[in-house]
file my_file_0.txt (compact mmCIF, C-alpha atoms)
# COMPACT_ATOMS: atom_id res chain seq x y z
CA MET A 1 0.00 0.00 0.00
CA GLN A 2 2.90 2.29 0.81
CA LEU A 3 4.40 1.58 -2.60
CA ALA A 4 1.14 2.49 -4.32
CA SER A 5 0.96 5.70 -2.31
CA GLU A 6 4.49 6.69 -3.34
CA LEU A 7 3.74 5.88 -6.98
CA ALA A 8 0.63 8.06 -6.88
CA LYS A 9 2.75 11.00 -5.78
CA THR A 10 5.41 10.39 -8.42
CA LEU A 11 3.33 9.38 -11.44
CA ARG A 12 2.52 12.18 -13.89
CA TRP A 13 -0.41 12.48 -16.28
CA ASP A 14 2.08 13.02 -19.12
CA ASP A 15 3.49 9.55 -18.42
CA LEU A 16 0.08 7.98 -18.89
CA LYS A 17 -0.44 9.91 -22.13
CA VAL A 18 2.60 8.05 -23.45
CA LEU A 19 1.11 4.72 -22.34
CA LEU A 20 -2.20 5.46 -24.08
CA ALA A 21 -0.63 6.82 -27.27
CA LEU A 22 1.62 3.78 -27.66
CA HIS A 23 -1.25 1.39 -26.94
CA ARG A 24 -3.51 3.09 -29.50
CA ARG A 25 -0.96 3.75 -32.24
CA GLY A 26 1.31 0.72 -31.92
CA SER A 27 4.55 2.51 -32.78
CA LEU A 28 6.94 5.06 -31.29
CA LYS A 29 6.70 7.22 -34.41
CA GLN A 30 2.91 7.45 -34.50
CA ALA A 31 2.71 7.99 -30.74
CA ALA A 32 5.24 10.81 -31.04
CA GLN A 33 3.15 12.41 -33.81
CA GLU A 34 0.00 12.20 -31.71
CA LEU A 35 1.66 13.86 -28.72
CA GLY A 36 3.61 16.40 -30.77
CA VAL A 37 7.08 15.30 -29.60
CA ASN A 38 9.98 13.45 -31.20
CA ILE A 39 10.59 9.71 -31.07
CA SER A 40 13.51 9.98 -28.67
CA THR A 41 11.28 11.79 -26.16
CA ILE A 42 8.66 9.03 -26.35
CA SER A 43 11.34 6.37 -25.92
CA ARG A 44 12.82 8.18 -22.94
CA ARG A 45 9.46 8.70 -21.27
CA LEU A 46 8.52 5.05 -21.78
CA ALA A 47 11.79 3.86 -20.27
CA ALA A 48 11.30 6.16 -17.27
CA LEU A 49 7.73 4.96 -16.77
CA GLU A 50 8.75 1.30 -16.96
CA GLU A 51 11.52 1.95 -14.44
CA LEU A 52 9.10 3.74 -12.11
CA LEU A 53 6.58 0.90 -12.28
CA GLY A 54 9.15 -1.86 -12.24
CA ALA A 55 7.47 -3.57 -15.19
CA GLN A 56 7.92 -3.80 -18.93
CA LEU A 57 4.93 -2.25 -20.67
CA PHE A 58 5.72 -2.88 -24.33
CA ASP A 59 7.72 -5.37 -26.35
CA ARG A 60 9.75 -3.65 -29.07
CA THR A 61 9.44 -5.36 -32.46
CA PRO A 62 10.57 -4.43 -36.02
CA ASP A 63 6.93 -3.56 -36.80
CA GLY A 64 6.34 -1.37 -33.74
CA VAL A 65 5.48 -2.01 -30.10
CA MET A 66 3.24 -4.68 -28.58
CA PRO A 67 1.59 -4.15 -25.18
CA THR A 68 2.50 -6.59 -22.45
CA ALA A 69 0.03 -7.98 -19.92
CA ALA A 70 1.08 -5.21 -17.54
CA ALA A 71 0.16 -2.53 -20.09
CA GLU A 72 -3.20 -4.17 -20.83
CA GLN A 73 -3.96 -4.15 -17.13
CA LEU A 74 -3.08 -0.48 -16.71
CA VAL A 75 -4.67 0.98 -19.88
CA PRO A 76 -8.31 0.95 -18.59
CA HIS A 77 -7.23 2.95 -15.53
CA ALA A 78 -5.31 5.40 -17.70
CA GLU A 79 -8.40 5.84 -19.89
CA GLU A 80 -10.45 6.64 -16.79
CA MET A 81 -7.90 9.31 -15.89
CA GLU A 82 -8.10 10.66 -19.45
CA GLN A 83 -11.88 11.00 -19.19
CA ALA A 84 -11.51 12.68 -15.79
CA ALA A 85 -9.06 15.17 -17.29
CA VAL A 86 -11.51 15.94 -20.11
CA GLY A 87 -14.26 16.43 -17.54
CA PHE A 88 -12.03 18.77 -15.56
CA VAL A 89 -11.43 20.88 -18.67
CA HIS A 90 -15.15 20.92 -19.41
CA GLY A 91 -15.73 22.21 -15.88
CA LEU A 92 -13.25 25.02 -16.39
CA GLU A 93 -14.85 25.93 -19.69
CA GLY A 94 -18.13 26.40 -17.88
CA PHE A 95 -16.70 29.54 -16.27
CA GLU A 96 -16.48 31.28 -19.65
CA VAL A 97 -18.94 34.17 -19.96
CA GLU A 98 -18.22 35.72 -23.39
CA PRO A 99 -17.17 33.90 -26.58
CA GLU A 100 -13.39 33.88 -26.45
CA GLY A 101 -10.52 31.47 -26.96
CA VAL A 102 -9.87 28.67 -29.41
CA VAL A 103 -12.53 26.68 -31.26
CA ARG A 104 -11.25 23.77 -33.32
CA ILE A 105 -13.39 22.81 -36.33
CA THR A 106 -12.99 19.78 -38.56
CA ALA A 107 -14.59 19.57 -42.00
CA PRO A 108 -14.03 18.11 -45.47
CA PRO A 109 -11.44 20.13 -47.43
CA GLY A 110 -13.91 21.23 -50.12
CA LEU A 111 -16.19 22.84 -47.53
CA VAL A 112 -13.25 24.42 -45.75
CA ASP A 113 -11.73 25.94 -48.90
CA HIS A 114 -14.89 27.24 -50.55
CA PHE A 115 -17.43 27.91 -47.81
CA LEU A 116 -15.86 28.03 -44.35
CA ALA A 117 -12.51 29.85 -44.62
CA PRO A 118 -13.75 32.66 -46.93
CA ALA A 119 -16.53 33.55 -44.47
CA LEU A 120 -14.53 33.59 -41.22
CA VAL A 121 -14.04 37.36 -41.39
CA GLU A 122 -17.75 37.77 -40.56
CA LEU A 123 -17.49 35.54 -37.50
CA LEU A 124 -14.42 37.29 -36.12
CA GLN A 125 -15.90 40.73 -36.72
CA THR A 126 -18.77 39.70 -34.46
CA HIS A 127 -16.61 37.84 -31.91
CA PRO A 128 -13.10 39.33 -32.12
CA ARG A 129 -11.81 37.37 -29.11
CA LEU A 130 -12.31 34.02 -30.81
CA ARG A 131 -9.47 32.11 -32.45
CA ILE A 132 -10.28 29.40 -34.97
CA GLN A 133 -8.34 26.25 -35.77
CA ILE A 134 -9.45 24.23 -38.79
CA VAL A 135 -8.68 20.59 -39.48
CA ALA A 136 -9.42 20.02 -43.17
CA SER A 137 -9.78 16.27 -43.44
CA ILE A 138 -11.96 13.68 -45.12
CA GLY A 139 -11.32 11.37 -42.17
CA TYR A 140 -13.27 11.98 -38.98
CA ALA A 141 -11.56 13.62 -36.01
CA ASP A 142 -12.39 12.12 -32.61
CA LEU A 143 -14.57 14.67 -30.79
CA THR A 144 -14.54 12.62 -27.58
CA ARG A 145 -10.77 12.94 -27.33
CA ARG A 146 -10.99 16.66 -28.15
CA GLU A 147 -9.30 16.36 -31.54
CA ALA A 148 -11.93 18.94 -32.50
CA ASP A 149 -14.72 20.88 -30.78
CA LEU A 150 -17.13 20.95 -33.72
CA ALA A 151 -17.37 18.89 -36.87
CA LEU A 152 -19.03 19.28 -40.24
CA ARG A 153 -19.79 15.76 -41.40
CA LEU A 154 -21.56 14.12 -44.31
CA MET A 155 -23.17 11.54 -42.00
CA ARG A 156 -24.80 11.77 -38.59
CA PRO A 157 -22.74 10.04 -35.87
CA ALA A 158 -24.21 6.67 -34.96
CA ALA A 159 -22.90 6.63 -31.39
CA GLY A 160 -21.37 8.87 -28.72
CA ASP A 161 -22.54 11.64 -26.42
CA PHE A 162 -23.03 14.15 -29.24
CA VAL A 163 -25.57 16.66 -30.40
CA ALA A 164 -26.08 16.92 -34.15
CA THR A 165 -28.19 19.00 -36.49
CA ARG A 166 -28.61 18.59 -40.23
CA LEU A 167 -27.74 21.85 -41.92
CA VAL A 168 -28.97 21.01 -45.39
CA SER A 169 -29.68 18.26 -47.90
CA THR A 170 -28.68 18.88 -51.48
CA GLY A 171 -28.92 17.25 -54.88
CA TRP A 172 -26.29 17.00 -57.60
CA CYS A 173 -25.44 18.79 -60.82
CA VAL A 174 -22.91 18.81 -63.63
CA LEU A 175 -20.62 21.73 -62.89
CA GLY A 176 -18.84 23.78 -65.55
CA SER A 177 -17.43 27.22 -66.26
CA PRO A 178 -19.92 29.73 -67.71
CA ALA A 179 -18.15 29.80 -71.09
CA HIS A 180 -17.90 26.01 -71.33
CA ALA A 181 -21.53 25.55 -70.29
CA GLU A 182 -22.66 28.04 -72.94
CA ALA A 183 -20.63 26.24 -75.60
CA LEU A 184 -22.13 22.86 -74.59
CA GLY A 185 -25.74 23.97 -74.42
CA GLU A 186 -27.96 21.19 -73.09
CA LEU A 187 -25.75 18.22 -72.27
CA ARG A 188 -27.37 15.02 -73.52
CA ASP A 189 -24.36 12.86 -74.35
CA PRO A 190 -21.61 12.58 -71.68
CA ALA A 191 -19.11 12.01 -74.50
CA ALA A 192 -19.68 15.61 -75.67
CA THR A 193 -17.28 16.98 -73.05
CA ARG A 194 -14.31 16.09 -70.89
CA TRP A 195 -14.76 15.07 -67.25
CA ILE A 196 -12.97 15.59 -63.95
CA THR A 197 -13.48 13.26 -60.99
CA TRP A 198 -12.07 11.84 -57.77
CA GLY A 199 -8.91 9.75 -57.62
CA GLU A 200 -8.92 6.03 -56.85
CA ASP A 201 -8.80 6.61 -53.08
CA LEU A 202 -12.22 8.31 -53.23
CA ALA A 203 -13.77 6.31 -56.07
CA HIS A 204 -16.41 5.00 -53.62
CA LEU A 205 -18.11 8.41 -53.35
CA PRO A 206 -21.55 8.66 -55.00
CA ASP A 207 -20.52 11.23 -57.63
CA ALA A 208 -17.47 9.18 -58.60
CA ARG A 209 -19.57 6.02 -58.91
CA TRP A 210 -22.10 7.87 -61.10
CA LEU A 211 -19.36 9.10 -63.39
CA ALA A 212 -17.77 5.64 -63.65
CA THR A 213 -21.16 4.29 -64.76
CA HIS A 214 -22.17 7.00 -67.23
CA VAL A 215 -18.90 8.33 -68.70
CA GLU A 216 -16.44 6.46 -70.87
CA ARG A 217 -13.02 6.15 -69.30
CA GLU A 218 -11.24 7.98 -72.12
CA ARG A 219 -13.39 11.09 -71.53
CA VAL A 220 -11.96 11.47 -67.99
CA VAL A 221 -8.98 13.85 -68.24
CA LEU A 222 -8.28 14.52 -64.54
CA GLU A 223 -8.55 12.41 -61.39
CA THR A 224 -7.60 13.94 -58.06
CA SER A 225 -8.36 13.58 -54.36
CA SER A 226 -8.55 17.39 -54.06
CA MET A 227 -11.94 19.07 -54.37
CA THR A 228 -10.24 22.42 -54.87
CA ALA A 229 -8.11 21.04 -57.72
CA GLN A 230 -11.26 19.76 -59.42
CA ILE A 231 -13.01 23.10 -59.06
CA GLU A 232 -10.06 25.14 -60.31
CA ALA A 233 -9.71 22.84 -63.31
CA VAL A 234 -13.41 23.27 -64.11
CA ARG A 235 -13.06 27.05 -63.83
CA THR A 236 -10.38 27.01 -66.54
CA GLY A 237 -12.69 25.13 -68.91
CA LEU A 238 -10.73 21.87 -68.76
CA GLY A 239 -13.95 19.91 -68.38
CA VAL A 240 -16.98 19.36 -66.15
CA MET A 241 -17.52 17.54 -62.86
CA VAL A 242 -20.38 16.19 -60.79
CA ALA A 243 -20.84 18.18 -57.58
CA PRO A 244 -23.45 19.14 -54.98
CA LEU A 245 -25.77 21.85 -56.29
CA ALA A 246 -24.44 24.37 -53.79
CA TYR A 247 -21.08 24.54 -55.58
CA ALA A 248 -22.82 25.98 -58.65
CA GLY A 249 -23.30 29.16 -56.64
CA LEU A 250 -19.55 29.76 -56.38
CA ARG A 251 -17.68 32.28 -58.50
CA ASP A 252 -17.17 31.33 -62.18
CA LEU A 253 -19.12 28.08 -61.84
CA VAL A 254 -22.57 27.16 -63.15
CA ALA A 255 -24.80 24.11 -63.34
CA VAL A 256 -24.68 22.75 -66.90
CA PRO A 257 -28.22 22.10 -68.24
CA CYS A 258 -28.68 18.35 -68.81
CA GLY A 259 -30.96 16.39 -71.07
CA LYS A 260 -33.87 14.48 -69.59
CA GLU A 261 -32.11 11.12 -69.31
CA LEU A 262 -28.93 12.54 -67.85
CA ALA A 263 -30.83 14.74 -65.40
CA ALA A 264 -32.88 11.75 -64.24
CA SER A 265 -29.76 9.71 -63.54
CA LEU A 266 -28.33 12.56 -61.45
CA ALA A 267 -31.61 12.91 -59.56
CA ALA A 268 -31.38 9.20 -58.66
CA LEU A 269 -28.21 9.84 -56.67
CA PRO A 270 -28.75 9.91 -52.89
CA GLU A 271 -29.05 13.45 -51.54
CA GLY A 272 -25.92 14.75 -49.89
CA SER A 273 -26.42 15.85 -46.29
CA LEU A 274 -24.27 18.08 -44.12
CA TRP A 275 -24.38 17.62 -40.35
CA LEU A 276 -23.05 19.89 -37.63
CA VAL A 277 -21.84 17.77 -34.71
CA GLY A 278 -20.52 18.69 -31.27
CA HIS A 279 -19.95 17.14 -27.87
CA ARG A 280 -23.00 17.49 -25.64
CA ALA A 281 -20.91 18.63 -22.66
CA LEU A 282 -19.52 21.60 -24.61
CA ARG A 283 -22.64 22.70 -26.46
CA GLN A 284 -23.48 25.63 -24.18
CA VAL A 285 -19.92 26.89 -23.63
CA PRO A 286 -20.13 30.46 -25.00
CA ARG A 287 -17.43 30.17 -27.65
CA ILE A 288 -18.78 26.81 -28.87
CA ALA A 289 -22.34 28.09 -28.88
CA ALA A 290 -21.33 31.20 -30.84
CA VAL A 291 -19.52 29.21 -33.53
CA TRP A 292 -22.33 26.62 -33.64
CA SER A 293 -24.90 29.35 -34.33
CA TRP A 294 -22.67 31.01 -36.92
CA LEU A 295 -22.04 27.73 -38.74
CA ARG A 296 -25.75 27.02 -38.90
CA GLN A 297 -26.47 30.43 -40.38
CA GLN A 298 -23.51 30.34 -42.77
CA PHE A 299 -24.10 26.92 -44.27
CA GLU A 300 -27.86 27.09 -44.35
CA VAL A 301 -27.52 30.19 -46.53
CA ALA A 302 -24.50 29.11 -48.58
CA LEU A 303 -25.58 25.54 -49.27
CA ALA A 304 -29.27 26.25 -49.79
CA GLN A 305 -28.84 29.09 -52.27
CA LYS A 306 -30.04 28.54 -55.83
CA PRO A 307 -27.19 27.71 -58.19
CA SER A 308 -26.26 30.01 -61.04
CA GLN A 309 -27.64 29.03 -64.46
call {"tool": "encode", "arguments": {"input": "my_file_0.txt", "output": "structure tokens"}}
result
Amino acid sequence: MQLASELAKTLRWDDLKVLLALHRRGSLKQAAQELGVNISTISRRLAALEELLGAQLFDRTPDGVMPTAAAEQLVPHAEEMEQAAVGFVHGLEGFEVEPEGVVRITAPPGLVDHFLAPALVELLQTHPRLRIQIVASIGYADLTRREADLALRLMRPAAGDFVATRLVSTGWCVLGSPAHAEALGELRDPAATRWITWGEDLAHLPDARWLATHVERERVVLETSSMTAQIEAVRTGLGVMVAPLAYAGLRDLVAVPCGKELAASLAALPEGSLWLVGHRALRQVPRIAAVWSWLRQQFEVALAQKPSQ
């Protein structure tokens, strides 16, 4: 009991962060990236923790690290401490009166580049003491572990202590530059123009699947995982792309009129939804509430506007 008491005085929360990062990531390199330190620091902290506990926590292998029985026994307790630390921070945030401080938002890159970032000036004019961090990622940040405070997602979360609201549902269009759309007229035959689409890593998306079904391979002149690259290529007149209707409201972009058959096939695509998601415990914190309200207003207007013709 005395030993446990001495350990409790000596053990630091930073040490347990190393334990959790290594257990979750399985390598020194990835754990170092998660914690924002170098590999040598992780290795040194792990060695110090193992010495303090008098037990080996991980077996080093050429492919990474493997948790020992001792680590597996300790991880649940470390996770409880992690949740307690998050709860402590939530308690502190409850003291906030005016919207101020950092709000971390995660969203798909296309939304960040063309809808979110260009409009931030309005938010900060209203709440000048806010600071915004944006994680532009197709992958989902973990809100529970505070990788982000708010998320713009294409799907509603299926589990977790979250609040979520659907900002908008939108259909699809063929997107082109004004000059190219005018030259095409009504698009009946997909072979009448060149096409731009997602790269192989995102070929599972609905618009990419539609294009793979309706457009001959040789008519595809650009594949890229970047939404912004697709849009900029369309603006130059390189070709057309399938996109949510809201993008047709952006500068130098229009919805290309489609023939009856082509329009019907686009209408058969599932509607794209955009969800605003946040952790329930943070929802009423002033800075989170302010950004939540602003995001609702911003995207409900931007994504629901009628596209240019």
call {"tool": "closest_residue", "arguments": {"input": "my_file_0.txt", "among": "A:Leu238, A:Val121, A:Ala181, A:Val65", "to": "Arg24 of chain A", "atoms": "all atoms listed in the file"}}
result
A:Val65
call {"tool": "atom_distance", "arguments": {"input": "my_file_0.txt", "atom1": "atom CA of Ala183 of chain A", "atom2": "atom CA of Glu218 of chain A"}}
result
20.8 Å
call {"tool": "atom_distance", "arguments": {"input": "my_file_0.txt", "atom1": "atom CA of Leu211 of chain A", "atom2": "atom CA of Leu111 of chain A"}}
result
21.2 Å
call {"tool": "closest_residue", "arguments": {"input": "my_file_0.txt", "among": "A:Lys17, A:Arg283, A:Arg296, A:Arg44", "to": "Val103 of chain A", "atoms": "all atoms listed in the file"}}
result
A:Arg283
call {"tool": "atom_distance", "arguments": {"input": "my_file_0.txt", "atom1": "atom CA of His23 of chain A", "atom2": "atom CA of Arg280 of chain A"}}
result
27.1 Å
call {"tool": "closest_residue", "arguments": {"input": "my_file_0.txt", "among": "A:Arg217, A:His279, A:Arg188, A:Arg166", "to": "Leu295 of chain A", "atoms": "all atoms listed in the file"}}
result
A:Arg166
call {"tool": "closest_residue", "arguments": {"input": "my_file_0.txt", "among": "A:Glu261, A:Gly176, A:Ile288, A:Ala191", "to": "Gly249 of chain A", "atoms": "all atoms listed in the file"}}
result
A:Gly176
call {"tool": "residues_around", "arguments": {"input": "my_file_0.txt", "residues": "Ala107 of chain A", "least_positions_apart": "3", "cutoff": "10 Å", "atoms": "all atoms listed in the file", "output": "list in words"}}
result
Gly110, Leu111, Val112, Asp113, Leu116, Ile134, Val135, Ala136, Ser137, Ile138, Gly139, Tyr140, Ala141, Ala148, Leu150, Ala151, Leu152, Arg153, Leu154 and Leu276 of chain A
call {"tool": "closest_residue", "arguments": {"input": "my_file_0.txt", "among": "A:Leu28, A:Val168, A:Ala233, A:Leu266", "to": "Asp252 of chain A", "atoms": "all atoms listed in the file"}}
result
A:Ala233
call {"tool": "closest_residue", "arguments": {"input": "my_file_0.txt", "among": "A:Pro109, A:Gly171, A:Gly185, A:Pro190", "to": "Ala212 of chain A", "atoms": "all atoms listed in the file"}}
result
A:Pro190
call {"tool": "residues_near_point", "arguments": {"input": "my_file_0.txt", "point": "(-22.4, 16.3, -21.5)", "cutoff": "10 Å", "atoms": "all atoms listed in the file", "output": "ChimeraX atom specification"}}
result
/A:87,90,161-163,279-284
